[in-house]
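Participant: Structure: entry_25.cif, mmCIF, C-alpha atoms and all ligand atoms.
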data_model
loop_
_atom_site.label_atom_id
_atom_site.label_comp_id
_atom_site.auth_asym_id
_atom_site.auth_seq_id
_atom_site.Cartn_x
_atom_site.Cartn_y
_atom_site.Cartn_z
CA MET W 201 66.32 63.62 -96.33
CA ILE W 202 67.57 63.45 -92.80
CA SER W 203 69.84 61.07 -90.90
CA TYR W 204 68.89 59.77 -87.48
CA THR W 205 72.01 61.17 -85.83
CA GLU W 206 70.64 64.65 -86.56
CA LEU W 207 67.65 63.72 -84.39
CA GLY W 208 69.87 62.47 -81.56
CA LEU W 209 68.94 58.81 -82.13
CA VAL W 210 71.16 55.70 -82.17
CA ASN W 211 71.01 52.38 -84.04
CA THR W 212 70.72 49.03 -82.26
CA VAL W 213 74.20 47.57 -82.88
CA GLU W 214 75.99 48.53 -79.65
CA LEU W 215 72.83 48.27 -77.56
CA PHE W 216 72.25 44.67 -78.67
CA LYS W 217 75.86 43.69 -78.00
CA LYS W 218 75.52 44.94 -74.43
CA ALA W 219 72.11 43.32 -73.99
CA VAL W 220 73.29 39.90 -75.18
CA SER W 221 76.38 39.93 -72.96
CA GLY W 222 74.46 41.45 -70.03
CA GLY W 223 71.60 38.94 -70.12
CA TYR W 224 68.74 41.37 -70.60
CA ALA W 225 66.44 42.55 -73.39
CA LEU W 226 65.70 46.05 -74.63
CA PRO W 227 62.10 47.19 -74.45
CA ALA W 228 60.50 47.89 -77.83
CA TYR W 229 57.37 49.91 -77.14
CA ASN W 230 55.02 51.04 -79.92
CA PHE W 231 53.76 54.60 -80.00
CA ASN W 232 51.51 56.77 -82.12
CA ASN W 233 50.53 59.61 -79.79
CA LEU W 234 51.89 62.11 -77.28
CA GLU W 235 50.77 60.38 -74.09
CA GLN W 236 52.28 57.02 -75.05
CA LEU W 237 55.59 58.66 -75.83
CA GLN W 238 55.56 60.64 -72.56
CA ALA W 239 54.93 57.43 -70.63
CA ILE W 240 57.69 55.53 -72.45
CA ILE W 241 60.32 58.22 -71.93
CA GLN W 242 59.36 58.91 -68.31
CA ALA W 243 59.46 55.17 -67.49
CA CYS W 244 62.78 54.59 -69.23
CA VAL W 245 64.43 57.65 -67.71
CA GLU W 246 63.29 56.72 -64.21
CA THR W 247 64.51 53.13 -64.62
CA LYS W 248 67.64 54.22 -66.55
CA SER W 249 66.82 51.91 -69.45
CA PRO W 250 67.77 52.24 -73.11
CA VAL W 251 64.66 52.13 -75.29
CA ILE W 252 63.43 51.28 -78.77
CA ILE W 253 60.41 53.35 -79.72
CA GLN W 254 58.72 51.75 -82.66
CA VAL W 255 56.14 52.63 -85.24
CA SER W 256 54.16 50.29 -87.46
CA SER W 257 53.17 51.36 -90.96
CA GLY W 258 49.62 51.72 -89.60
CA ALA W 259 50.85 54.05 -86.86
CA ARG W 260 52.79 56.03 -89.44
CA LYS W 261 49.62 56.57 -91.43
CA TYR W 262 47.64 57.39 -88.30
CA ALA W 263 50.02 59.91 -86.77
CA ASN W 264 51.81 61.37 -89.83
CA GLN W 265 55.48 60.67 -90.52
CA ASN W 266 56.65 64.24 -89.99
CA LEU W 267 55.01 64.44 -86.61
CA LEU W 268 56.46 61.06 -85.60
CA LYS W 269 59.97 62.04 -86.65
CA ASN W 270 59.82 65.23 -84.64
CA MET W 271 58.27 63.41 -81.69
CA ALA W 272 61.29 61.07 -81.70
CA LYS W 273 63.61 64.08 -81.72
CA GLY W 274 61.54 65.56 -78.93
CA ALA W 275 61.77 62.30 -76.99
CA VAL W 276 65.56 62.53 -76.95
CA GLU W 277 65.41 66.14 -75.74
CA TYR W 278 62.72 65.29 -73.18
CA ALA W 279 64.89 62.52 -71.70
CA HIS W 280 67.75 64.98 -71.44
CA GLU W 281 65.49 67.48 -69.71
CA LEU W 282 64.40 64.79 -67.26
CA GLY W 283 68.04 64.27 -66.35
CA CYS W 284 69.15 61.07 -68.09
CA ASP W 285 70.37 60.78 -71.68
CA ILE W 286 69.03 57.31 -72.37
CA PRO W 287 69.84 55.88 -75.82
CA VAL W 288 66.73 56.11 -78.03
CA VAL W 289 66.22 54.01 -81.20
CA LEU W 290 63.47 54.89 -83.69
CA HIS W 291 62.45 51.62 -85.32
CA LEU W 292 60.02 50.65 -88.08
CA ASP W 293 57.97 47.68 -86.91
CA HIS W 294 56.94 45.18 -89.63
CA GLY W 295 58.13 47.00 -92.74
CA ASP W 296 56.52 45.13 -95.61
CA SER W 297 58.42 46.52 -98.60
CA PHE W 298 61.81 47.86 -99.62
CA GLU W 299 60.20 51.21 -100.48
CA LEU W 300 58.69 51.66 -97.02
CA CYS W 301 62.01 50.81 -95.34
CA LYS W 302 63.89 53.20 -97.64
CA ASP W 303 61.38 55.95 -96.97
CA CYS W 304 61.71 55.50 -93.20
CA ILE W 305 65.50 55.39 -93.35
CA GLU W 306 65.55 58.62 -95.36
CA SER W 307 63.21 60.29 -92.90
CA GLY W 308 65.26 59.64 -89.77
CA PHE W 309 64.65 56.09 -88.56
CA SER W 310 67.74 54.50 -87.01
CA SER W 311 66.48 50.92 -87.39
CA VAL W 312 63.98 49.10 -89.59
CA MET W 313 62.36 45.71 -89.69
CA ILE W 314 61.77 44.09 -93.04
CA ASP W 315 59.23 41.34 -92.54
CA GLY W 316 59.56 38.88 -95.40
CA SER W 317 58.38 35.99 -93.27
CA HIS W 318 55.26 35.46 -95.37
CA PHE W 319 57.37 34.85 -98.49
CA SER W 320 59.36 31.77 -99.43
CA PHE W 321 62.77 31.36 -97.77
CA GLU W 322 64.56 32.48 -100.96
CA GLU W 323 62.30 35.50 -101.54
CA ASN W 324 62.67 36.49 -97.89
CA ILE W 325 66.46 36.40 -98.29
CA THR W 326 66.38 38.49 -101.49
CA LEU W 327 64.13 41.18 -100.00
CA THR W 328 65.92 41.34 -96.65
CA LYS W 329 69.33 41.52 -98.32
CA LYS W 330 68.19 44.42 -100.49
CA VAL W 331 67.05 46.39 -97.42
CA CYS W 332 70.28 45.58 -95.55
CA GLU W 333 72.45 46.75 -98.45
CA PHE W 334 70.63 50.06 -98.56
CA ALA W 335 70.49 50.54 -94.76
CA HIS W 336 74.11 49.61 -94.17
CA SER W 337 75.50 51.79 -96.95
CA ARG W 338 74.20 55.00 -95.38
CA LYS W 339 76.66 57.44 -93.88
CA ASP W 340 75.09 56.57 -90.56
CA TYR W 341 74.64 52.80 -90.38
CA VAL W 342 70.95 51.89 -90.01
CA SER W 343 70.30 48.52 -88.36
CA VAL W 344 67.93 45.96 -89.88
CA GLU W 345 65.76 43.30 -88.25
CA GLY W 346 64.62 40.32 -90.34
CA GLU W 347 62.12 37.61 -89.52
CA LEU W 348 62.03 33.85 -89.98
CA GLY W 349 58.94 31.90 -88.97
CA VAL W 350 55.42 33.27 -88.73
CA LEU W 351 53.60 34.42 -85.59
CA ALA W 352 49.90 33.90 -85.24
CA GLY W 353 47.59 36.75 -84.23
CA VAL W 354 46.72 40.23 -85.43
CA GLU W 355 48.85 43.37 -85.19
CA ASP W 356 47.76 46.44 -87.16
CA ASP W 357 47.98 45.38 -90.80
CA VAL W 358 49.85 42.18 -89.97
CA SER W 359 47.81 39.08 -89.35
CA SER W 360 48.11 35.37 -89.67
CA GLU W 361 45.76 32.49 -88.89
CA HIS W 362 48.49 30.05 -87.97
CA SER W 363 51.98 30.21 -86.60
CA ASN W 364 54.99 28.45 -88.07
CA TYR W 365 57.88 28.00 -85.68
CA THR W 366 61.25 29.19 -86.90
CA GLN W 367 63.29 26.29 -88.27
CA PRO W 368 66.72 26.36 -86.58
CA GLU W 369 68.39 24.82 -89.64
CA GLU W 370 67.51 27.93 -91.68
CA VAL W 371 68.83 30.69 -89.43
CA GLU W 372 72.54 30.49 -90.16
CA GLU W 373 72.09 30.70 -93.93
CA PHE W 374 69.53 33.51 -93.57
CA VAL W 375 71.76 35.63 -91.33
CA LYS W 376 74.83 35.05 -93.49
CA LYS W 377 73.18 35.71 -96.85
CA THR W 378 71.14 38.77 -95.81
CA GLY W 379 73.53 40.57 -93.45
CA VAL W 380 70.76 41.36 -90.94
CA ASP W 381 71.66 42.81 -87.55
CA SER W 382 68.98 40.94 -85.62
CA LEU W 383 66.46 38.20 -86.22
CA ALA W 384 62.82 37.96 -85.09
CA ILE W 385 61.83 34.36 -84.47
CA SER W 386 58.65 32.43 -83.81
CA ILE W 387 58.74 30.18 -80.72
CA GLY W 388 55.14 30.47 -79.54
CA THR W 389 54.56 34.17 -78.91
CA SER W 390 51.67 35.72 -80.81
CA HIS W 391 50.41 39.18 -81.74
CA GLY W 392 47.45 40.83 -80.02
CA ALA W 393 45.50 40.25 -76.79
CA PHE W 394 43.91 36.97 -77.89
CA LYS W 395 47.03 34.94 -78.41
CA PHE W 396 45.56 31.48 -78.08
CA ARG W 397 42.21 29.78 -78.40
CA PRO W 398 40.85 28.52 -75.07
CA GLU W 399 41.20 24.91 -76.24
CA GLN W 400 44.95 25.46 -76.68
CA CYS W 401 45.26 26.50 -73.00
CA THR W 402 44.97 24.92 -69.60
CA LYS W 403 43.35 26.67 -66.61
CA ASN W 404 45.03 27.52 -63.31
CA ASP W 405 43.33 27.26 -59.88
CA GLN W 406 41.78 30.72 -60.30
CA GLY W 407 40.24 29.66 -63.60
CA ILE W 408 42.59 31.86 -65.63
CA LEU W 409 43.72 30.55 -69.01
CA VAL W 410 47.36 29.46 -69.13
CA PRO W 411 48.87 29.31 -72.63
CA PRO W 412 51.19 26.59 -73.94
CA PRO W 413 54.78 27.34 -72.86
CA LEU W 414 57.23 29.05 -75.23
CA ARG W 415 59.44 26.64 -77.19
CA PHE W 416 62.71 27.21 -75.39
CA ASP W 417 64.06 24.08 -77.07
CA ILE W 418 63.81 25.83 -80.46
CA LEU W 419 65.41 28.99 -79.02
CA GLU W 420 68.33 26.92 -77.72
CA GLU W 421 68.78 25.23 -81.11
CA ILE W 422 68.81 28.64 -82.79
CA GLU W 423 71.37 29.97 -80.31
CA LYS W 424 73.62 27.01 -81.07
CA LYS W 425 73.49 27.78 -84.80
CA ILE W 426 74.20 31.53 -84.43
CA PRO W 427 75.88 32.02 -81.03
CA GLY W 428 75.52 35.48 -79.56
CA PHE W 429 73.45 36.78 -82.49
CA PRO W 430 70.70 39.20 -81.38
CA ILE W 431 67.27 37.55 -81.31
CA VAL W 432 63.95 39.43 -81.21
CA LEU W 433 60.59 38.35 -79.80
CA HIS W 434 57.41 39.87 -81.17
CA GLY W 435 53.94 39.46 -79.67
CA SER W 436 55.24 39.41 -76.11
CA SER W 437 52.48 41.06 -74.14
CA SER W 438 51.35 39.28 -70.99
CA VAL W 439 47.74 40.55 -71.01
CA PRO W 440 47.59 41.39 -67.26
CA MET W 441 44.33 40.18 -65.73
CA GLU W 442 44.01 43.32 -63.57
CA TYR W 443 43.53 45.37 -66.75
CA VAL W 444 41.26 42.82 -68.41
CA LYS W 445 39.08 42.78 -65.27
CA MET W 446 39.01 46.58 -65.06
CA ILE W 447 38.01 46.86 -68.72
CA GLU W 448 35.24 44.31 -68.26
CA LYS W 449 34.06 45.93 -65.00
CA PHE W 450 33.52 49.21 -66.85
CA GLY W 451 31.69 47.80 -69.83
CA GLY W 452 34.39 46.32 -72.09
CA LYS W 453 34.40 42.82 -73.52
CA LEU W 454 37.65 40.86 -73.65
CA LYS W 455 36.52 37.27 -73.18
CA ASP W 456 39.29 34.69 -73.45
CA SER W 457 42.12 37.17 -73.86
CA VAL W 458 45.43 35.54 -72.96
CA GLY W 459 49.11 36.52 -73.06
CA ILE W 460 52.62 35.20 -72.41
CA PRO W 461 53.48 34.75 -68.69
CA GLU W 462 56.12 37.24 -67.58
CA GLU W 463 58.39 34.57 -66.04
CA GLN W 464 58.83 33.06 -69.50
CA LEU W 465 59.75 36.41 -70.99
CA ARG W 466 62.24 37.02 -68.19
CA ARG W 467 63.81 33.66 -68.97
CA ALA W 468 63.99 34.55 -72.69
CA ALA W 469 65.50 37.96 -71.91
CA LYS W 470 68.40 36.27 -70.10
CA SER W 471 69.31 34.43 -73.32
CA ALA W 472 70.27 35.86 -76.73
CA VAL W 473 66.84 37.46 -76.91
CA CYS W 474 67.76 41.14 -76.74
CA LYS W 475 64.61 42.94 -77.97
CA ILE W 476 61.12 42.20 -76.73
CA ASN W 477 58.13 43.88 -78.38
CA ILE W 478 55.30 44.91 -76.09
CA ASP W 479 52.28 46.72 -77.50
CA SER W 480 49.00 45.12 -76.44
CA ASP W 481 49.74 45.43 -72.70
CA GLY W 482 50.06 49.19 -73.13
CA ARG W 483 46.81 49.33 -75.08
CA LEU W 484 45.06 47.39 -72.31
CA ALA W 485 46.46 49.60 -69.53
CA MET W 486 45.31 52.77 -71.29
CA THR W 487 41.90 51.40 -72.20
CA ALA W 488 41.32 50.20 -68.63
CA LEU W 489 42.05 53.61 -67.13
CA ILE W 490 40.11 55.54 -69.78
CA ARG W 491 37.06 53.32 -69.18
CA LYS W 492 37.39 53.76 -65.42
CA VAL W 493 37.59 57.55 -65.59
CA LEU W 494 34.69 57.84 -68.03
CA ALA W 495 32.52 55.53 -65.90
CA GLU W 496 33.36 57.11 -62.55
CA GLN W 497 33.39 60.74 -63.67
CA PRO W 498 30.57 61.04 -66.21
CA GLY W 499 30.75 64.85 -66.12
CA GLU W 500 34.38 64.95 -67.22
CA PHE W 501 35.06 66.18 -70.73
CA ASP W 502 38.62 67.49 -70.57
CA PRO W 503 40.67 64.99 -72.63
CA ARG W 504 43.71 65.62 -70.42
CA LYS W 505 41.78 64.42 -67.36
CA ILE W 506 40.60 61.36 -69.31
CA ILE W 507 43.89 60.37 -70.99
CA GLY W 508 46.24 61.66 -68.26
CA PRO W 509 45.53 58.83 -65.78
CA ALA W 510 45.94 56.32 -68.66
CA ARG W 511 49.35 57.79 -69.41
CA ASP W 512 50.38 57.51 -65.76
CA GLU W 513 49.28 53.87 -65.65
CA LEU W 514 51.23 53.17 -68.85
CA LYS W 515 54.35 54.62 -67.27
CA LYS W 516 53.88 52.40 -64.22
CA LEU W 517 53.44 49.34 -66.43
CA TYR W 518 56.58 50.07 -68.46
CA MET W 519 58.66 50.69 -65.33
CA HIS W 520 57.54 47.27 -64.14
CA LYS W 521 58.49 45.69 -67.48
CA ASN W 522 61.95 47.26 -67.46
CA ASN W 523 62.61 46.38 -63.81
CA ASN W 524 61.10 42.93 -63.52
CA VAL W 525 60.61 41.38 -66.96
CA LEU W 526 63.22 42.65 -69.41
CA GLY W 527 66.00 43.42 -66.96
CA SER W 528 66.85 46.60 -68.90
CA ALA W 529 66.74 48.90 -65.84
CA ASN W 530 70.00 50.52 -64.72
CA ARG W 531 71.79 49.71 -67.97
CA VAL W 532 72.49 53.31 -69.01
ZN ZN J 601 55.33 42.02 -84.49
#
Translate the structure of the given file into structure tokens.

Facilitator:
Amino acid sequence: MISYTELGLVNTVELFKKAVSGGYALPAYNFNNLEQLQAIIQACVETKSPVIIQVSSGARKYANQNLLKNMAKGAVEYAHELGCDIPVVLHLDHGDSFELCKDCIESGFSSVMIDGSHFSFEENITLTKKVCEFAHSRKDYVSVEGELGVLAGVEDDVSSEHSNYTQPEEVEEFVKKTGVDSLAISIGTSHGAFKFRPEQCTKNDQGILVPPPLRFDILEEIEKKIPGFPIVLHGSSSVPMEYVKMIEKFGGKLKDSVGIPEEQLRRAAKSAVCKINIDSDGRLAMTALIRKVLAEQPGEFDPRKIIGPARDELKKLYMHKNNNVLGSANRV
């Protein structure tokens, strides 16, 4: 058993307080390999942004929990070496059971999500409360994210055909009864790179699909019920067309992929939304560059020369997110 403070990590409590009062959101970037983590830390050090590095249960299986734990420790030391001690949170994304959350907490995570959104309201409360009681009773307080409302789309093991918007009348009771530190809500974001069916979208003058706008009215209602409480948005990739086009140019197929426009995320980040999850955009950036290198340099077989440019592009993308979308730059 190990506590996150031994790894140099922090929980989300103080970071969220600052983010809510400062009108910005923390980046929550998923990782499961070395190059992603290098890109995340380099981008956040250069923009002086606090960061949540998160791992899904699928990523944990893929990469191995011991390696991930030590990568998180290494991330803290790497940031220091690069010259800026940015706060780093290690977070479990979409924990689906008490046991998984407990296991992560005991192996060095500083924050966990328990996703009981697929259960009934009462069952969600019972499960989330159980995780909170365990997480909060540790010597080092571990923060817990709960979820109300269901997002559509596919993310690792998590998938849903339909979305259900969060009901504002439920949030106060949920927060009070569970003791959660933050709440993920559903206001029209969606997991994956195919967030909406074409018939749900309109087209702009360049023929690019434009999704239905986020439900800021629901967000405002929620904020009225639980003023200043940290809100989390999942499924918040924007699916940049430059990457989609590059992937398709070099043989990929991503017809009808569509994301959330960055202006809407910037608007959300200025509210009580203080954590925004971005995963698919990073996957697209890396895939685009890997395809480009393989197509343009068919003789190349050094993985560093193939993945290295993808890592550099990922860093560029995350610097852009911190600077222009989340507003988390220069907050350290
Ligand atoms: Zn999610």

Participant: Compile the contact shell of Pro368 of chain W as a PDB file with C-alpha atoms, keeping the file's coordinate frame: residues with an atom at most 9 Å away, counting all atoms listed in the file, same-chain residues fewer than 3 positions apart removed.

Facilitator:
ATOM      1  CA  VAL W 371      68.830  30.690 -89.430  1.00  0.00           C
ATOM      2  CA  GLU W 372      72.540  30.490 -90.160  1.00  0.00           C
ATOM      3  CA  ILE W 418      63.810  25.830 -80.460  1.00  0.00           C
ATOM      4  CA  LEU W 419      65.410  28.990 -79.020  1.00  0.00           C
ATOM      5  CA  GLU W 421      68.780  25.230 -81.110  1.00  0.00           C
ATOM      6  CA  ILE W 422      68.810  28.640 -82.790  1.00  0.00           C
ATOM      7  CA  GLU W 423      71.370  29.970 -80.310  1.00  0.00           C
ATOM      8  CA  LYS W 424      73.620  27.010 -81.070  1.00  0.00           C
ATOM      9  CA  LYS W 425      73.490  27.780 -84.800  1.00  0.00           C
TER      10      LYS W 425
END

Participant: Just how far from atom CA of Glu322 of chain W is atom CA of Gly349 of chain W, in Å to one decimal?

Facilitator: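 Going from atom CA of Gly349 of chain W over to atom CA of Glu322 of chain W, I get 13.3 Å.
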
Participant: Which residues are near ligand ZN 601 (chain J) in this structure, taking near to mean any atom at most 7 Å from a ligand atom and counting all atoms listed in the file? Format them as an NGL selection string.

Facilitator: :W and (293-294 or 355 or 391 or 434-435 or 477)

Participant: Nearest residue to Ser438 of chain W out of W:Pro411, W:Gly451, W:Pro461, W:Pro398, using all atoms listed in the file?

Facilitator: W:Pro461

Participant: Find the residues near Lys492 of chain W: any atom within 8 Å, counting only C-alpha atoms, skip ones fewer than 3 places away on the same chain, and give them as a list in words.

Facilitator: Met446, Ile447, Phe450, Ala488, Leu489, Ala495 and Glu496 of chain W

Participant: Could you jot down the atom CA of Leu267 of chain W to atom CA of Ile202 of chain W separation for me, Å, one decimal place?

Facilitator: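 These two atoms are separated by 14.0 Å.
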
Participant: List every residue of segment 394-428 of chain W that has an atom at most 12 Å from any atom of segment 452-460 of chain W, and for each one report the closest atom pair and its distance in Å to one decimal, counting all atoms listed in the file, with rows sorted by chain and then by increasing residue number, as a tab-separated table.

Facilitator:
residue	atom	partner	partner_atom	distance
W:Phe394	CA	W:Ser457	CA	4.4
W:Lys395	CA	W:Val458	CA	5.7
W:Phe396	CA	W:Val458	CA	6.5
W:Arg397	CA	W:Asp456	CA	7.6
W:Pro398	CA	W:Asp456	CA	6.6
W:Glu399	CA	W:Asp456	CA	10.3
W:Gln400	CA	W:Val458	CA	10.8
W:Cys401	CA	W:Val458	CA	9.0
W:Thr402	CA	W:Val458	CA	11.1
W:Lys403	CA	W:Val458	CA	11.1
W:Gly407	CA	W:Asp456	CA	11.1
W:Ile408	CA	W:Val458	CA	8.7
W:Leu409	CA	W:Val458	CA	6.6
W:Val410	CA	W:Val458	CA	7.4
W:Pro411	CA	W:Ile460	CA	7.0
W:Pro412	CA	W:Ile460	CA	8.9
W:Pro413	CA	W:Ile460	CA	8.2
W:Leu414	CA	W:Ile460	CA	8.2
W:Arg415	CA	W:Ile460	CA	11.9

Participant: One decimal, in Å: what's the spacing between atom CA of Phe429 of chain W and atom CA of Gly316 of chain W?

Facilitator: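 Straight-line distance from atom CA of Phe429 of chain W to atom CA of Gly316 of chain W works out to 19.1 Å.
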
Participant: Under the rule that only C-alpha atoms are counted, which of W:Ile305, W:Ala469, W:Ile478, W:Leu292 is the nearest residue to Ala259 of chain W?

Facilitator: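 Ranking W:Ile305, W:Ala469, W:Ile478, W:Leu292 by distance to Ala259 of chain W, first place goes to W:Leu292.
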
Participant: Do you know which residues are at most 10 Å from Ile241 of chain W counting only C-alpha atoms, after dropping those on the same chain fewer than 6 positions away, and could you put them as a ChimeraX atom specification?

Facilitator: /W:247-251,253,275-276,278-279,282,286,288,515,518

Participant: Those residues with C-alpha atoms, as a PDB file, in the frame of the given file please?

Facilitator:
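And here is the file that came out, selection.pdb:
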ATOM      1  CA  THR W 247      64.510  53.130 -64.620  1.00  0.00           C
ATOM      2  CA  LYS W 248      67.640  54.220 -66.550  1.00  0.00           C
ATOM      3  CA  SER W 249      66.820  51.910 -69.450  1.00  0.00           C
ATOM      4  CA  PRO W 250      67.770  52.240 -73.110  1.00  0.00           C
ATOM      5  CA  VAL W 251      64.660  52.130 -75.290  1.00  0.00           C
ATOM      6  CA  ILE W 253      60.410  53.350 -79.720  1.00  0.00           C
ATOM      7  CA  ALA W 275      61.770  62.300 -76.990  1.00  0.00           C
ATOM      8  CA  VAL W 276      65.560  62.530 -76.950  1.00  0.00           C
ATOM      9  CA  TYR W 278      62.720  65.290 -73.180  1.00  0.00           C
ATOM     10  CA  ALA W 279      64.890  62.520 -71.700  1.00  0.00           C
ATOM     11  CA  LEU W 282      64.400  64.790 -67.260  1.00  0.00           C
ATOM     12  CA  ILE W 286      69.030  57.310 -72.370  1.00  0.00           C
ATOM     13  CA  VAL W 288      66.730  56.110 -78.030  1.00  0.00           C
ATOM     14  CA  LYS W 515      54.350  54.620 -67.270  1.00  0.00           C
ATOM     15  CA  TYR W 518      56.580  50.070 -68.460  1.00  0.00           C
TER      16      TYR W 518
END

Participant: Closest to Arg491 of chain W among W:Asp405, W:Glu214, W:Lys445, W:Leu226, using all atoms listed in the file?

Facilitator: W:Lys445

Participant: Applying 9 Å and all atoms listed in the file, which residues near Thr212 of chain W remain after dropping the ones on its own chain fewer than 6 positions away? List them as JSON, numbers by chain.

Facilitator: {"W": [252, 289, 310, 311, 342, 343, 344, 381, 382]}

Participant: Using only C-alpha atoms, please write the residues we just selected to a file, as a tab-separated table (two decimals), in the frame of the given file.

Facilitator:
chain	number	residue	atom	x	y	z
W	252	ILE	CA	63.43	51.28	-78.77
W	289	VAL	CA	66.22	54.01	-81.20
W	310	SER	CA	67.74	54.50	-87.01
W	311	SER	CA	66.48	50.92	-87.39
W	342	VAL	CA	70.95	51.89	-90.01
W	343	SER	CA	70.30	48.52	-88.36
W	344	VAL	CA	67.93	45.96	-89.88
W	381	ASP	CA	71.66	42.81	-87.55
W	382	SER	CA	68.98	40.94	-85.62

Participant: Name the residues within 10 Å of (65.1, 52.1, -97.9), counting all atoms listed in the file in the file's coordinates, and put them as a list in words.

Facilitator: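 The distance filter leaves exactly Ser297, Phe298, Glu299, Leu300, Cys301, Lys302, Asp303, Cys304, Ile305, Glu306, Ser307, Val312, Ile314, Lys330, Val331, Cys332, Glu333, Phe334, Ala335, Arg338 and Val342 of chain W.
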
Participant: Go through W:Gly527, W:Gly392, W:Gly283, W:Pro430 one by one, measure the shortest atom-to-atom distance of each to Glu345 of chain W using only C-alpha atoms, and give the residue with the smallest value.

Facilitator: W:Pro430

Participant: With distances taken over all atoms listed in the file, which of W:Gly508, W:Gly346, W:Gly295, W:Pro440 is nearest to Thr326 of chain W?

Facilitator: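 Closest residue, counting all atoms listed in the file: W:Gly346.
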
Participant: Quick one: of W:Lys470, W:Lys521, W:Lys273, W:Arg511, who's nearest to Ala239 of chain W, counting all atoms listed in the file?

Facilitator: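 Using all atoms listed in the file, Ala239 of chain W sits closest to W:Arg511.
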
Participant: Could I get segment 217-233 of chain W rebuilt with N, CA and C atoms, written as a CSV table (one decimal), keeping the file's coordinate frame?

Facilitator:
chain,number,residue,atom,x,y,z
W,217,LYS,N,74.6,44.4,-78.5
W,217,LYS,CA,75.9,43.7,-78.0
W,217,LYS,C,75.8,43.7,-76.5
W,218,LYS,N,75.6,44.8,-75.9
W,218,LYS,CA,75.5,44.9,-74.4
W,218,LYS,C,74.4,44.1,-73.8
W,219,ALA,N,73.3,44.1,-74.5
W,219,ALA,CA,72.1,43.3,-74.0
W,219,ALA,C,72.4,41.8,-74.0
W,220,VAL,N,73.0,41.3,-75.1
W,220,VAL,CA,73.3,39.9,-75.2
W,220,VAL,C,74.3,39.5,-74.1
W,221,SER,N,75.4,40.3,-74.0
W,221,SER,CA,76.4,39.9,-73.0
W,221,SER,C,75.9,40.2,-71.5
W,222,GLY,N,75.0,41.1,-71.4
W,222,GLY,CA,74.5,41.4,-70.0
W,222,GLY,C,73.3,40.6,-69.6
W,223,GLY,N,72.7,39.8,-70.5
W,223,GLY,CA,71.6,38.9,-70.1
W,223,GLY,C,70.3,39.7,-69.9
W,224,TYR,N,70.0,40.7,-70.7
W,224,TYR,CA,68.7,41.4,-70.6
W,224,TYR,C,68.2,41.7,-72.0
W,225,ALA,N,67.0,42.2,-72.1
W,225,ALA,CA,66.4,42.6,-73.4
W,225,ALA,C,66.0,44.0,-73.4
W,226,LEU,N,66.2,44.7,-74.5
W,226,LEU,CA,65.7,46.0,-74.6
W,226,LEU,C,64.2,46.1,-74.8
W,227,PRO,N,63.5,47.1,-74.2
W,227,PRO,CA,62.1,47.2,-74.4
W,227,PRO,C,61.9,47.8,-75.8
W,228,ALA,N,60.9,47.3,-76.6
W,228,ALA,CA,60.5,47.9,-77.8
W,228,ALA,C,59.0,48.2,-77.7
W,229,TYR,N,58.7,49.5,-77.4
W,229,TYR,CA,57.4,49.9,-77.1
W,229,TYR,C,56.8,50.7,-78.3
W,230,ASN,N,55.6,50.3,-78.8
W,230,ASN,CA,55.0,51.0,-79.9
W,230,ASN,C,54.4,52.4,-79.4
W,231,PHE,N,54.4,53.3,-80.3
W,231,PHE,CA,53.8,54.6,-80.0
W,231,PHE,C,53.1,55.2,-81.2
W,232,ASN,N,52.1,56.0,-81.0
W,232,ASN,CA,51.5,56.8,-82.1
W,232,ASN,C,50.9,58.1,-81.6
W,233,ASN,N,51.1,58.3,-80.3
W,233,ASN,CA,50.5,59.6,-79.8
W,233,ASN,C,51.4,60.2,-78.7
